[in-house]
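S.K.: File work03.cif below, mmCIF, C-alpha atoms:
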```cif
data_entry
#
loop_
_atom_site.label_atom_id
_atom_site.label_comp_id
_atom_site.auth_asym_id
_atom_site.auth_seq_id
_atom_site.Cartn_x
_atom_site.Cartn_y
_atom_site.Cartn_z
CA MET A 1 15.33 -20.07 -43.85
CA THR A 2 16.76 -18.54 -40.64
CA HIS A 3 14.51 -15.90 -39.10
CA PRO A 4 16.07 -12.37 -39.27
CA LEU A 5 15.45 -11.84 -35.56
CA ARG A 6 17.55 -14.88 -34.75
CA LEU A 7 20.37 -13.52 -36.89
CA TRP A 8 20.20 -10.27 -34.90
CA LEU A 9 20.03 -11.93 -31.48
CA THR A 10 22.70 -14.63 -31.92
CA PRO A 11 25.76 -12.37 -31.68
CA LEU A 12 24.13 -10.27 -28.95
CA LEU A 13 23.59 -13.36 -26.80
CA PHE A 14 27.12 -14.55 -27.52
CA PHE A 15 28.78 -11.33 -26.42
CA SER A 16 26.43 -10.97 -23.45
CA THR A 17 27.53 -14.41 -22.28
CA LEU A 18 31.14 -13.40 -22.82
CA ALA A 19 30.62 -10.23 -20.74
CA HIS A 20 29.05 -12.23 -17.90
CA ALA A 21 31.97 -14.66 -17.95
CA ASP A 22 34.41 -11.77 -17.72
CA LEU A 23 32.47 -10.23 -14.84
CA ALA A 24 32.31 -13.57 -13.01
CA THR A 25 36.09 -13.93 -13.31
CA ASP A 26 36.66 -10.45 -11.88
CA ILE A 27 34.31 -11.13 -8.95
CA TYR A 28 36.10 -14.40 -8.20
CA ASP A 29 39.52 -12.74 -8.33
CA ILE A 30 38.45 -9.93 -5.97
CA ALA A 31 36.95 -12.36 -3.47
CA ALA A 32 39.99 -14.65 -3.65
CA GLN A 33 42.35 -11.73 -3.06
CA HIS A 34 40.50 -10.67 0.09
CA GLN A 35 40.20 -14.26 1.28
CA ASP A 36 43.92 -14.92 0.93
CA ALA A 37 44.96 -11.56 2.38
CA ASN A 38 42.86 -12.14 5.51
CA GLY A 39 43.49 -15.87 5.91
CA VAL A 40 39.80 -16.78 5.60
CA PRO A 41 39.39 -20.58 5.64
CA GLY A 42 36.30 -20.59 3.42
CA ILE A 43 34.19 -18.15 1.46
CA ILE A 44 30.83 -18.43 -0.34
CA VAL A 45 29.79 -15.86 -2.96
CA GLY A 46 26.67 -15.48 -5.06
CA VAL A 47 25.78 -12.66 -7.48
CA TRP A 48 22.54 -12.68 -9.46
CA GLN A 49 20.79 -10.57 -12.08
CA GLY A 50 17.14 -11.35 -11.48
CA ASP A 51 16.88 -15.13 -11.38
CA THR A 52 20.06 -15.60 -13.43
CA ALA A 53 23.30 -16.28 -11.59
CA ILE A 54 26.18 -14.10 -12.74
CA THR A 55 28.38 -16.27 -10.54
CA THR A 56 28.09 -18.56 -7.53
CA PHE A 57 31.11 -20.24 -6.00
CA ALA A 58 32.68 -21.53 -2.81
CA ARG A 59 36.42 -21.38 -2.24
CA GLY A 60 38.50 -22.85 0.57
CA VAL A 61 37.56 -25.20 3.39
CA SER A 62 34.67 -25.61 5.80
CA ASN A 63 36.74 -27.52 8.33
CA LEU A 64 40.42 -26.83 9.01
CA GLU A 65 40.86 -30.15 10.78
CA THR A 66 39.62 -32.33 7.92
CA ASN A 67 40.26 -29.90 5.03
CA ALA A 68 36.73 -30.62 3.79
CA PRO A 69 35.95 -28.13 1.01
CA ILE A 70 33.37 -25.46 1.65
CA SER A 71 30.22 -25.64 -0.49
CA THR A 72 27.62 -23.14 -1.67
CA SER A 73 25.04 -25.30 0.14
CA ASP A 74 26.78 -24.98 3.52
CA HIS A 75 24.93 -23.20 6.31
CA THR A 76 26.61 -20.51 8.40
CA ARG A 77 25.60 -18.32 11.30
CA ILE A 78 24.49 -15.00 9.80
CA GLY A 79 24.82 -12.75 12.84
CA SER A 80 23.20 -9.35 12.49
CA VAL A 81 21.35 -10.23 9.29
CA THR A 82 18.98 -11.58 11.97
CA LYS A 83 18.06 -7.97 12.79
CA SER A 84 16.33 -7.62 9.43
CA PHE A 85 14.13 -10.65 10.26
CA THR A 86 13.33 -9.44 13.78
CA VAL A 87 12.38 -5.95 12.65
CA THR A 88 10.33 -7.32 9.76
CA ARG A 89 8.18 -9.22 12.24
CA LEU A 90 7.84 -6.05 14.33
CA LEU A 91 6.73 -4.09 11.26
CA GLN A 92 4.16 -6.76 10.43
CA LEU A 93 2.71 -6.29 13.91
CA ALA A 94 2.65 -2.55 13.32
CA ASP A 95 0.90 -3.15 9.99
CA SER A 96 -1.83 -5.10 11.78
CA GLY A 97 -2.18 -2.48 14.52
CA GLN A 98 -0.81 -4.71 17.29
CA VAL A 99 2.04 -2.30 18.06
CA ASN A 100 2.64 1.38 17.45
CA LEU A 101 6.15 2.21 16.28
CA ASP A 102 5.99 5.51 18.12
CA SER A 103 5.25 3.88 21.47
CA SER A 104 8.08 4.04 23.98
CA ILE A 105 10.08 0.90 24.75
CA SER A 106 9.25 1.42 28.46
CA THR A 107 5.67 0.43 27.62
CA TYR A 108 7.05 -3.11 27.36
CA LEU A 109 10.31 -2.93 29.34
CA PRO A 110 9.59 -0.45 32.17
CA ASN A 111 13.07 -0.40 33.69
CA ILE A 112 15.21 -0.12 30.56
CA GLU A 113 17.63 2.82 30.28
CA ASN A 114 16.37 5.45 27.79
CA GLY A 115 12.91 4.06 28.24
CA ASN A 116 11.41 7.04 26.37
CA ALA A 117 13.04 5.84 23.14
CA THR A 118 10.39 4.65 20.68
CA LEU A 119 10.22 1.28 18.98
CA ARG A 120 10.99 3.13 15.75
CA GLN A 121 14.16 4.58 17.29
CA LEU A 122 15.27 1.14 18.42
CA ALA A 123 14.67 -0.21 14.90
CA ASN A 124 16.63 2.57 13.16
CA MET A 125 19.46 2.67 15.72
CA THR A 126 18.81 6.14 17.15
CA SER A 127 17.65 5.01 20.62
CA GLY A 128 20.89 5.85 22.43
CA ILE A 129 20.64 2.55 24.32
CA TYR A 130 24.04 1.10 25.20
CA ASN A 131 25.34 -1.79 23.06
CA TYR A 132 25.65 -4.72 25.47
CA THR A 133 28.34 -6.45 23.38
CA ALA A 134 30.66 -3.50 24.11
CA ASP A 135 30.68 -4.43 27.79
CA GLY A 136 34.04 -6.05 28.59
CA THR A 137 32.74 -8.09 31.50
CA PHE A 138 30.00 -9.59 29.32
CA VAL A 139 32.53 -10.46 26.61
CA ASN A 140 34.75 -12.24 29.15
CA GLU A 141 31.81 -14.19 30.54
CA LEU A 142 30.70 -15.09 27.01
CA PHE A 143 34.04 -16.63 26.10
CA GLU A 144 34.35 -18.44 29.40
CA ASP A 145 31.43 -20.60 28.26
CA LEU A 146 30.22 -20.21 24.69
CA SER A 147 27.46 -22.75 25.27
CA ARG A 148 25.90 -20.77 28.16
CA GLN A 149 22.23 -19.94 27.78
CA TRP A 150 21.45 -16.24 28.14
CA ALA A 151 17.99 -14.83 28.74
CA PRO A 152 17.23 -11.71 26.65
CA GLN A 153 16.63 -9.76 29.87
CA GLU A 154 20.18 -10.61 31.00
CA LEU A 155 21.53 -8.98 27.82
CA VAL A 156 19.41 -5.88 28.40
CA ASP A 157 20.61 -5.79 32.01
CA VAL A 158 24.20 -5.68 30.74
CA ALA A 159 23.32 -2.61 28.68
CA ASP A 160 21.43 -0.97 31.54
CA ARG A 161 24.34 -1.17 33.97
CA ASN A 162 26.34 1.01 31.59
CA GLY A 163 23.72 3.75 31.33
CA ALA A 164 22.47 5.32 28.12
CA ASN A 165 24.84 6.71 25.47
CA PHE A 166 22.77 9.74 24.39
CA ALA A 167 19.24 11.12 24.29
CA PRO A 168 16.93 9.24 21.90
CA GLY A 169 16.82 10.60 18.36
CA THR A 170 19.90 12.81 18.67
CA ARG A 171 22.42 10.49 17.01
CA TRP A 172 22.76 7.27 15.03
CA GLN A 173 24.66 4.51 16.80
CA TYR A 174 24.46 0.79 16.16
CA SER A 175 23.40 -1.21 19.22
CA ASN A 176 22.69 -4.92 19.43
CA THR A 177 20.58 -4.22 22.52
CA ASN A 178 17.97 -2.53 20.33
CA THR A 179 16.92 -5.68 18.48
CA VAL A 180 17.24 -7.89 21.54
CA ALA A 181 14.68 -5.58 23.17
CA LEU A 182 12.46 -5.54 20.08
CA GLY A 183 12.47 -9.34 20.10
CA MET A 184 11.20 -9.18 23.68
CA VAL A 185 8.43 -6.80 22.58
CA ILE A 186 7.37 -9.25 19.87
CA GLU A 187 7.21 -12.06 22.42
CA GLN A 188 5.14 -9.97 24.83
CA VAL A 189 2.65 -8.89 22.18
CA THR A 190 2.18 -12.31 20.58
CA GLY A 191 2.68 -14.60 23.56
CA ASN A 192 5.00 -16.71 21.41
CA SER A 193 8.75 -17.13 21.16
CA LEU A 194 10.59 -14.91 18.70
CA ALA A 195 11.79 -18.05 16.94
CA SER A 196 8.24 -19.27 16.27
CA GLU A 197 7.07 -15.80 15.21
CA ILE A 198 9.88 -15.46 12.66
CA ASN A 199 9.37 -19.01 11.45
CA ASN A 200 5.59 -18.74 11.04
CA HIS A 201 5.33 -15.21 9.67
CA VAL A 202 8.59 -14.67 7.78
CA LEU A 203 10.37 -17.91 6.88
CA THR A 204 7.38 -20.09 6.01
CA PRO A 205 5.59 -17.54 3.77
CA LEU A 206 8.79 -17.09 1.76
CA GLY A 207 9.68 -20.79 1.65
CA LEU A 208 13.01 -20.23 3.40
CA ASP A 209 13.47 -23.85 4.44
CA SER A 210 17.23 -23.53 4.92
CA THR A 211 16.98 -20.66 7.41
CA LEU A 212 16.60 -21.22 11.14
CA TYR A 213 16.31 -19.32 14.39
CA PRO A 214 17.93 -22.03 16.54
CA SER A 215 17.29 -22.64 20.22
CA THR A 216 20.42 -24.78 20.69
CA VAL A 217 24.07 -24.67 19.58
CA ASP A 218 23.26 -26.90 16.59
CA ILE A 219 23.53 -25.67 13.00
CA LEU A 220 21.63 -27.11 10.04
CA ASP A 221 23.59 -29.68 7.99
CA PRO A 222 25.66 -29.20 5.95
CA PHE A 223 27.52 -26.40 7.68
CA ALA A 224 30.83 -24.62 7.65
CA HIS A 225 32.79 -24.50 10.90
CA GLY A 226 33.31 -21.00 12.29
CA TYR A 227 36.76 -19.81 13.33
CA GLY A 228 37.97 -16.98 15.52
CA VAL A 229 41.40 -15.38 15.53
CA PHE A 230 41.96 -13.50 18.78
CA ASP A 231 45.69 -13.01 18.23
CA PRO A 232 47.44 -13.47 14.87
CA GLY A 233 50.30 -15.11 16.75
CA ILE A 234 48.03 -17.79 18.22
CA GLY A 235 46.00 -18.70 15.13
CA TYR A 236 42.56 -20.16 14.54
CA GLU A 237 40.16 -21.38 17.20
CA ASP A 238 37.07 -23.39 16.26
CA ILE A 239 34.15 -21.58 17.91
CA THR A 240 31.36 -23.16 15.90
CA VAL A 241 29.62 -24.48 19.01
CA SER A 242 28.17 -21.36 20.59
CA SER A 243 24.79 -20.53 22.02
CA PRO A 244 22.64 -18.29 19.79
CA SER A 245 21.02 -16.99 22.99
CA SER A 246 23.99 -14.65 23.47
CA SER A 247 22.69 -12.56 20.57
CA ALA A 248 18.96 -13.43 20.54
CA GLY A 249 16.95 -11.15 18.23
CA SER A 250 20.09 -9.27 17.22
CA GLY A 251 22.04 -12.16 15.69
CA ALA A 252 20.95 -15.73 16.43
CA MET A 253 20.01 -17.05 12.99
CA VAL A 254 21.50 -19.58 10.55
CA ALA A 255 21.02 -19.71 6.77
CA ASP A 256 22.57 -20.75 3.46
CA MET A 257 23.43 -18.75 0.35
CA ASP A 258 20.29 -19.51 -1.67
CA ASP A 259 17.91 -18.58 1.14
CA LEU A 260 19.80 -15.34 1.78
CA ARG A 261 19.43 -14.41 -1.87
CA LEU A 262 15.65 -14.85 -1.61
CA TRP A 263 15.60 -12.96 1.67
CA ALA A 264 17.59 -10.01 0.34
CA GLU A 265 15.12 -9.64 -2.53
CA ALA A 266 12.05 -9.94 -0.27
CA LEU A 267 13.53 -7.51 2.26
CA ALA A 268 14.29 -4.83 -0.32
CA ASP A 269 10.97 -5.31 -2.14
CA GLY A 270 8.92 -5.30 1.07
CA ILE A 271 7.02 -8.41 0.05
CA LEU A 272 5.84 -9.17 3.59
CA LEU A 273 4.75 -5.60 4.41
CA SER A 274 2.19 -3.14 3.14
CA PRO A 275 3.56 -0.55 0.68
CA GLU A 276 3.01 2.13 3.32
CA MET A 277 4.99 0.24 5.95
CA GLN A 278 7.80 -0.52 3.49
CA ALA A 279 7.99 3.18 2.72
CA GLU A 280 8.44 3.84 6.44
CA ARG A 281 11.09 1.14 6.61
CA LEU A 282 13.05 2.82 3.83
CA GLN A 283 13.19 6.25 5.46
CA MET A 284 16.96 6.00 5.57
CA LEU A 285 19.14 7.89 8.04
CA ASN A 286 22.70 9.04 7.37
CA THR A 287 25.11 6.92 9.41
CA ILE A 288 28.25 9.06 8.97
CA GLY A 289 30.00 9.46 12.31
CA GLY A 290 27.95 6.73 13.96
CA ASP A 291 29.54 3.71 15.56
CA GLY A 292 28.77 0.44 13.84
CA PRO A 293 28.99 -1.36 10.50
CA GLU A 294 29.92 0.71 7.47
CA TYR A 295 26.45 1.41 6.11
CA ASP A 296 25.92 4.51 4.00
CA ALA A 297 22.42 4.82 5.46
CA TYR A 298 20.10 2.85 7.73
CA GLY A 299 16.33 2.47 7.96
CA LEU A 300 14.15 0.20 10.08
CA GLY A 301 16.27 -2.93 10.37
CA ILE A 302 17.70 -2.44 6.90
CA GLY A 303 20.92 -0.86 5.68
CA GLU A 304 22.17 0.64 2.43
CA ILE A 305 25.61 0.14 0.92
CA ASP A 306 26.45 1.58 -2.52
CA GLY A 307 22.74 1.75 -3.35
CA PHE A 308 22.03 -1.88 -2.40
CA LEU A 309 19.58 -2.64 0.43
CA GLY A 310 19.87 -5.40 3.00
CA HIS A 311 21.97 -6.26 6.01
CA THR A 312 25.39 -7.45 7.07
CA GLY A 313 26.26 -9.82 9.89
CA ASP A 314 29.17 -10.43 12.23
CA TYR A 315 29.04 -13.32 14.67
CA LEU A 316 31.30 -15.73 16.55
CA GLY A 317 33.35 -17.32 13.74
CA TYR A 318 31.30 -15.96 10.84
CA GLN A 319 30.59 -12.87 8.74
CA ALA A 320 27.76 -12.35 6.25
CA LEU A 321 26.30 -9.92 3.73
CA ALA A 322 22.99 -10.08 1.83
CA LEU A 323 22.07 -7.10 -0.38
CA HIS A 324 19.70 -6.35 -3.25
CA ASP A 325 19.46 -3.41 -5.67
CA LEU A 326 15.89 -2.57 -6.65
CA ASP A 327 16.74 -0.67 -9.85
CA SER A 328 18.94 -3.30 -11.46
CA ASP A 329 17.39 -6.37 -9.79
CA GLN A 330 20.85 -7.52 -8.71
CA THR A 331 21.54 -9.48 -5.53
CA VAL A 332 24.80 -10.20 -3.72
CA VAL A 333 25.42 -12.71 -0.92
CA ILE A 334 28.86 -13.17 0.67
CA LEU A 335 29.57 -15.53 3.59
CA THR A 336 32.83 -16.27 5.42
CA ASN A 337 33.73 -18.59 8.28
CA LEU A 338 36.17 -16.31 10.08
CA LYS A 339 35.93 -13.58 12.70
CA GLN A 340 39.10 -11.59 13.44
CA PHE A 341 38.58 -10.31 16.98
CA TYR A 342 41.67 -8.10 16.87
CA ASP A 343 40.26 -6.18 13.90
CA ASP A 344 36.90 -4.41 13.47
CA GLY A 345 36.92 -5.02 9.72
CA HIS A 346 34.13 -6.77 7.85
CA ILE A 347 35.52 -8.85 4.99
CA PRO A 348 32.24 -9.40 3.06
CA THR A 349 31.62 -5.63 3.02
CA ASP A 350 35.16 -4.97 1.81
CA ILE A 351 34.63 -7.46 -1.02
CA PHE A 352 31.23 -6.01 -1.89
CA ARG A 353 32.47 -2.43 -2.06
CA GLU A 354 35.10 -3.54 -4.54
CA ILE A 355 32.75 -5.50 -6.79
CA SER A 356 29.76 -3.12 -6.61
CA PRO A 357 31.24 -0.68 -9.17
CA LEU A 358 31.40 -3.62 -11.58
CA LEU A 359 27.67 -4.16 -11.17
CA ILE A 360 26.18 -0.64 -11.11
CA PRO A 361 27.05 0.92 -13.43
CA GLU A 362 28.75 -1.69 -15.55
CA PRO A 363 32.46 -0.99 -16.06
CA MET A 364 33.69 0.29 -19.37
CA HIS A 365 35.05 -3.00 -20.67
CA TYR A 366 31.74 -4.80 -20.04
CA SER A 367 29.87 -1.95 -21.73
CA MET A 368 32.28 -2.10 -24.67
CA LEU A 369 31.52 -5.78 -25.09
CA CYS A 370 27.80 -5.05 -25.18
CA GLY A 371 28.41 -2.24 -27.65
CA LEU A 372 30.49 -4.54 -29.81
CA ALA A 373 27.70 -7.09 -29.70
CA LEU A 374 25.18 -4.50 -30.86
CA LEU A 375 27.41 -3.28 -33.71
CA THR A 376 28.04 -6.85 -34.81
CA ALA A 377 24.34 -7.63 -34.70
CA LEU A 378 23.51 -4.58 -36.83
CA ALA A 379 26.24 -5.50 -39.31
CA TRP A 380 24.91 -9.03 -39.62
CA ARG A 381 21.40 -7.73 -40.08
CA ARG A 382 22.52 -5.28 -42.79
CA ARG A 383 24.50 -8.01 -44.56
CA LYS A 384 21.42 -10.27 -44.55
CA HIS A 385 19.30 -7.44 -45.94
CA VAL A 386 21.78 -6.69 -48.77
CA SER A 387 22.21 -10.33 -49.72
CA ALA A 388 18.46 -10.75 -49.85
#
```
In structure tokens, what does this structure look like?
M.R.:
Amino acid sequence: MTHPLRLWLTPLLFFSTLAHADLATDIYDIAAQHQDANGVPGIIVGVWQGDTAITTFARGVSNLETNAPISTSDHTRIGSVTKSFTVTRLLQLADSGQVNLDSSISTYLPNIENGNATLRQLANMTSGIYNYTADGTFVNELFEDLSRQWAPQELVDVADRNGANFAPGTRWQYSNTNTVALGMVIEQVTGNSLASEINNHVLTPLGLDSTLYPSTVDILDPFAHGYGVFDPGIGYEDITVSSPSSSAGSGAMVADMDDLRLWAEALADGILLSPEMQAERLQMLNTIGGDGPEYDAYGLGIGEIDGFLGHTGDYLGYQALALHDLDSDQTVVILTNLKQFYDDGHIPTDIFREISPLLIPEPMHYSMLCGLALLTALAWRRRKHVSA
């Protein structure tokens, strides 16, 4: 005899599977539309509910020369997602009393512009320190030799020669210089390289074996080539081989989709920090009117978009997004191997903002399917009761 509970659950599971399939199709279609509209060679997308994948897929190519297909296991440069790793290590040091977030940056870098800005203000992007990647001379030098090794102090010097943008704490403005400087603080305090500190205290505890803070131009295999479009009339340029030293603690790292999913969850949950420090991290500031990525709010090395927490990245030839929603336990990772230098847009964020309403709350047609499943289950249960 079939157990009554099984009779009740069978149609519910069936329609739930059907709803997930419908949602996966919609996510794929949205991503494909943005990919085609922007001429992105390859895209990797993963969406999860807890440990269950709603959808994971790769579409397009990892190499325009060979037309090799892109794969969900391919590594890419993740750009500013690195900031969330750098600041996490800083917060761990604050947890252990090795640094004070309200100490001024001049304690460690005496000659930096806006030296009275605190470590906290550097981490939440209110320091007023100039963004070195906005310096035209630096950009020209960078593209003259993408393999050039840059010392972090050289990047800070670029910012310093432009002067400060505003008094610390008076505005929110995204600046890559902030996390380059915080990486230097970490190295001073620990006596170790930022790469080793992130590896030993962030990557290893979480088992992120496919994530790397590289010291050379090499990327972990397998990897997707990164492409830049400087002028739509000229087309794609392969800029995969570039020195991560040009972004240091603000954007040097490499990862794959699965590791970024685990990282987004750990970052939002605060697994590596004390509850008190995670609460400080999540004191989010309104970013409206501030220059930088389109976050709705920003904390200590962590951003918020449509209620999801995490970080986005934009690097030479690549863009990335890794976000997690605490309430629904949903995670989204989107990676592309294109950077359009003539446009400030961020394709993964555009895709996410279009699919996020499908995730929280669920759209009407997904809810209707679940409702239909429940009504069917109740009808089956009633029929079984009557026939008994």
S.K.: Under the rule that all atoms listed in the file are counted, which of A:Pro348, A:Gly289, A:Pro41, A:Pro275 is the nearest residue to Trp172 in chain A?
M.R.: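 Among A:Pro348, A:Gly289, A:Pro41, A:Pro275, it is A:Gly289 that comes nearest to Trp172 in chain A.
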S.K.: So which residues touch range 305-318 of chain A within 7 Å, counting only C-alpha atoms, skipping near sequence neighbours fewer than 4 positions away, as a PDB file with C-alpha atoms, in the coordinates of the input?
M.R.:
```
ATOM      1  CA  THR A  76      26.610 -20.510   8.400  1.00  0.00           C
ATOM      2  CA  ARG A  77      25.600 -18.320  11.300  1.00  0.00           C
ATOM      3  CA  ILE A  78      24.490 -15.000   9.800  1.00  0.00           C
ATOM      4  CA  GLY A  79      24.820 -12.750  12.840  1.00  0.00           C
ATOM      5  CA  SER A  80      23.200  -9.350  12.490  1.00  0.00           C
ATOM      6  CA  VAL A  81      21.350 -10.230   9.290  1.00  0.00           C
ATOM      7  CA  SER A  84      16.330  -7.620   9.430  1.00  0.00           C
ATOM      8  CA  GLY A 226      33.310 -21.000  12.290  1.00  0.00           C
ATOM      9  CA  TYR A 227      36.760 -19.810  13.330  1.00  0.00           C
ATOM     10  CA  GLY A 228      37.970 -16.980  15.520  1.00  0.00           C
ATOM     11  CA  ILE A 239      34.150 -21.580  17.910  1.00  0.00           C
ATOM     12  CA  THR A 240      31.360 -23.160  15.900  1.00  0.00           C
ATOM     13  CA  ALA A 264      17.590 -10.010   0.340  1.00  0.00           C
ATOM     14  CA  LEU A 267      13.530  -7.510   2.260  1.00  0.00           C
ATOM     15  CA  ALA A 268      14.290  -4.830  -0.320  1.00  0.00           C
ATOM     16  CA  TYR A 295      26.450   1.410   6.110  1.00  0.00           C
ATOM     17  CA  ASP A 296      25.920   4.510   4.000  1.00  0.00           C
ATOM     18  CA  ALA A 322      22.990 -10.080   1.830  1.00  0.00           C
ATOM     19  CA  LEU A 323      22.070  -7.100  -0.380  1.00  0.00           C
ATOM     20  CA  HIS A 324      19.700  -6.350  -3.250  1.00  0.00           C
ATOM     21  CA  ASP A 325      19.460  -3.410  -5.670  1.00  0.00           C
ATOM     22  CA  THR A 336      32.830 -16.270   5.420  1.00  0.00           C
ATOM     23  CA  ASN A 337      33.730 -18.590   8.280  1.00  0.00           C
ATOM     24  CA  LEU A 338      36.170 -16.310  10.080  1.00  0.00           C
ATOM     25  CA  LYS A 339      35.930 -13.580  12.700  1.00  0.00           C
TER      26      LYS A 339
END
```
S.K.: Tell me which of A:Thr25, A:Ser62, A:Thr331, A:Thr86 sits closest to Glu187 in chain A, counting only C-alpha atoms.
M.R.: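 Of A:Thr25, A:Ser62, A:Thr331, A:Thr86, the one nearest Glu187 in chain A, counting only C-alpha atoms, is A:Thr86.
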S.K.: Quick check, in Å to one decimal: how far apart do CA of Thr72 in chain A and CA of Asp238 in chain A lie?
M.R.: 20.3 Å
S.K.: Of the candidates A:Ser245, A:Leu182, A:Gly115, A:Ala167, which shows the shortest atom-to-atom distance to Leu101 in chain A, using all atoms listed in the file?
M.R.: A:Leu182
S.K.: State, in Å with one decimal place, the distance from CA of Asp329 in chain A to CA of Gln35 in chain A.
M.R.: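 Distance between the two atoms: 26.6 Å.
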S.K.: Counting all atoms listed in the file, select every polymer residue within 12 Å of (6.5, -5.1, 11.9) as defined in the file's coordinates, and provide the selection as a PDB file with C-alpha atoms, in the coordinates of the input.
M.R.:
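In the end it all went to result.pdb:
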```
ATOM      1  CA  LYS A  83      18.060  -7.970  12.790  1.00  0.00           C
ATOM      2  CA  SER A  84      16.330  -7.620   9.430  1.00  0.00           C
ATOM      3  CA  PHE A  85      14.130 -10.650  10.260  1.00  0.00           C
ATOM      4  CA  THR A  86      13.330  -9.440  13.780  1.00  0.00           C
ATOM      5  CA  VAL A  87      12.380  -5.950  12.650  1.00  0.00           C
ATOM      6  CA  THR A  88      10.330  -7.320   9.760  1.00  0.00           C
ATOM      7  CA  ARG A  89       8.180  -9.220  12.240  1.00  0.00           C
ATOM      8  CA  LEU A  90       7.840  -6.050  14.330  1.00  0.00           C
ATOM      9  CA  LEU A  91       6.730  -4.090  11.260  1.00  0.00           C
ATOM     10  CA  GLN A  92       4.160  -6.760  10.430  1.00  0.00           C
ATOM     11  CA  LEU A  93       2.710  -6.290  13.910  1.00  0.00           C
ATOM     12  CA  ALA A  94       2.650  -2.550  13.320  1.00  0.00           C
ATOM     13  CA  ASP A  95       0.900  -3.150   9.990  1.00  0.00           C
ATOM     14  CA  SER A  96      -1.830  -5.100  11.780  1.00  0.00           C
ATOM     15  CA  GLY A  97      -2.180  -2.480  14.520  1.00  0.00           C
ATOM     16  CA  GLN A  98      -0.810  -4.710  17.290  1.00  0.00           C
ATOM     17  CA  VAL A  99       2.040  -2.300  18.060  1.00  0.00           C
ATOM     18  CA  ASN A 100       2.640   1.380  17.450  1.00  0.00           C
ATOM     19  CA  LEU A 101       6.150   2.210  16.280  1.00  0.00           C
ATOM     20  CA  LEU A 119      10.220   1.280  18.980  1.00  0.00           C
ATOM     21  CA  ARG A 120      10.990   3.130  15.750  1.00  0.00           C
ATOM     22  CA  ALA A 123      14.670  -0.210  14.900  1.00  0.00           C
ATOM     23  CA  LEU A 182      12.460  -5.540  20.080  1.00  0.00           C
ATOM     24  CA  GLY A 183      12.470  -9.340  20.100  1.00  0.00           C
ATOM     25  CA  VAL A 185       8.430  -6.800  22.580  1.00  0.00           C
ATOM     26  CA  ILE A 186       7.370  -9.250  19.870  1.00  0.00           C
ATOM     27  CA  VAL A 189       2.650  -8.890  22.180  1.00  0.00           C
ATOM     28  CA  GLU A 197       7.070 -15.800  15.210  1.00  0.00           C
ATOM     29  CA  ILE A 198       9.880 -15.460  12.660  1.00  0.00           C
ATOM     30  CA  HIS A 201       5.330 -15.210   9.670  1.00  0.00           C
ATOM     31  CA  VAL A 202       8.590 -14.670   7.780  1.00  0.00           C
ATOM     32  CA  GLY A 270       8.920  -5.300   1.070  1.00  0.00           C
ATOM     33  CA  LEU A 272       5.840  -9.170   3.590  1.00  0.00           C
ATOM     34  CA  LEU A 273       4.750  -5.600   4.410  1.00  0.00           C
ATOM     35  CA  SER A 274       2.190  -3.140   3.140  1.00  0.00           C
ATOM     36  CA  GLU A 276       3.010   2.130   3.320  1.00  0.00           C
ATOM     37  CA  MET A 277       4.990   0.240   5.950  1.00  0.00           C
ATOM     38  CA  GLN A 278       7.800  -0.520   3.490  1.00  0.00           C
ATOM     39  CA  GLU A 280       8.440   3.840   6.440  1.00  0.00           C
ATOM     40  CA  ARG A 281      11.090   1.140   6.610  1.00  0.00           C
ATOM     41  CA  LEU A 300      14.150   0.200  10.080  1.00  0.00           C
ATOM     42  CA  GLY A 301      16.270  -2.930  10.370  1.00  0.00           C
TER      43      GLY A 301
END
```
S.K.: Pick out the closest residue to Ala252 in chain A from this set: A:Thr179, A:Ser127, A:Thr118, A:Thr137. Count all atoms listed in the file.
M.R.: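 Result for the nearest residue to Ala252 in chain A: A:Thr179.
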S.K.: Please report the interatomic distance between CA of Ile302 in chain A and CA of Val217 in chain A in Å with one decimal.
M.R.: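 Value for the CA of Ile302 in chain A-CA of Val217 in chain A distance: 26.4 Å.
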S.K.: With distances taken over only C-alpha atoms, which residue among A:Tyr174, A:Asn114, A:Leu359, A:Leu142 lies nearest Gly303 in chain A?
M.R.: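 Smallest separation from Gly303 in chain A among the options: A:Tyr174.
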S.K.: Name every residue that the PyMOL selection byres ((chain A and resi 247) around 9) selects in this structure, writing the answer as a PyMOL selection string with chains first and numbers rising.
M.R.: chain A and resi 79-80+133+150+152+155+176-177+180+243-246+248-252+315
S.K.: Store the residues picked out above in a file with C-alpha atoms, as an mmCIF file, in the frame of the given file.
M.R.:
```cif
data_model
loop_
_atom_site.group_PDB
_atom_site.id
_atom_site.type_symbol
_atom_site.label_atom_id
_atom_site.label_comp_id
_atom_site.auth_asym_id
_atom_site.auth_seq_id
_atom_site.Cartn_x
_atom_site.Cartn_y
_atom_site.Cartn_z
ATOM 1 C CA GLY A 79 24.820 -12.750 12.840
ATOM 2 C CA SER A 80 23.200 -9.350 12.490
ATOM 3 C CA THR A 133 28.340 -6.450 23.380
ATOM 4 C CA TRP A 150 21.450 -16.240 28.140
ATOM 5 C CA PRO A 152 17.230 -11.710 26.650
ATOM 6 C CA LEU A 155 21.530 -8.980 27.820
ATOM 7 C CA ASN A 176 22.690 -4.920 19.430
ATOM 8 C CA THR A 177 20.580 -4.220 22.520
ATOM 9 C CA VAL A 180 17.240 -7.890 21.540
ATOM 10 C CA SER A 243 24.790 -20.530 22.020
ATOM 11 C CA PRO A 244 22.640 -18.290 19.790
ATOM 12 C CA SER A 245 21.020 -16.990 22.990
ATOM 13 C CA SER A 246 23.990 -14.650 23.470
ATOM 14 C CA ALA A 248 18.960 -13.430 20.540
ATOM 15 C CA GLY A 249 16.950 -11.150 18.230
ATOM 16 C CA SER A 250 20.090 -9.270 17.220
ATOM 17 C CA GLY A 251 22.040 -12.160 15.690
ATOM 18 C CA ALA A 252 20.950 -15.730 16.430
ATOM 19 C CA TYR A 315 29.040 -13.320 14.670
#
```
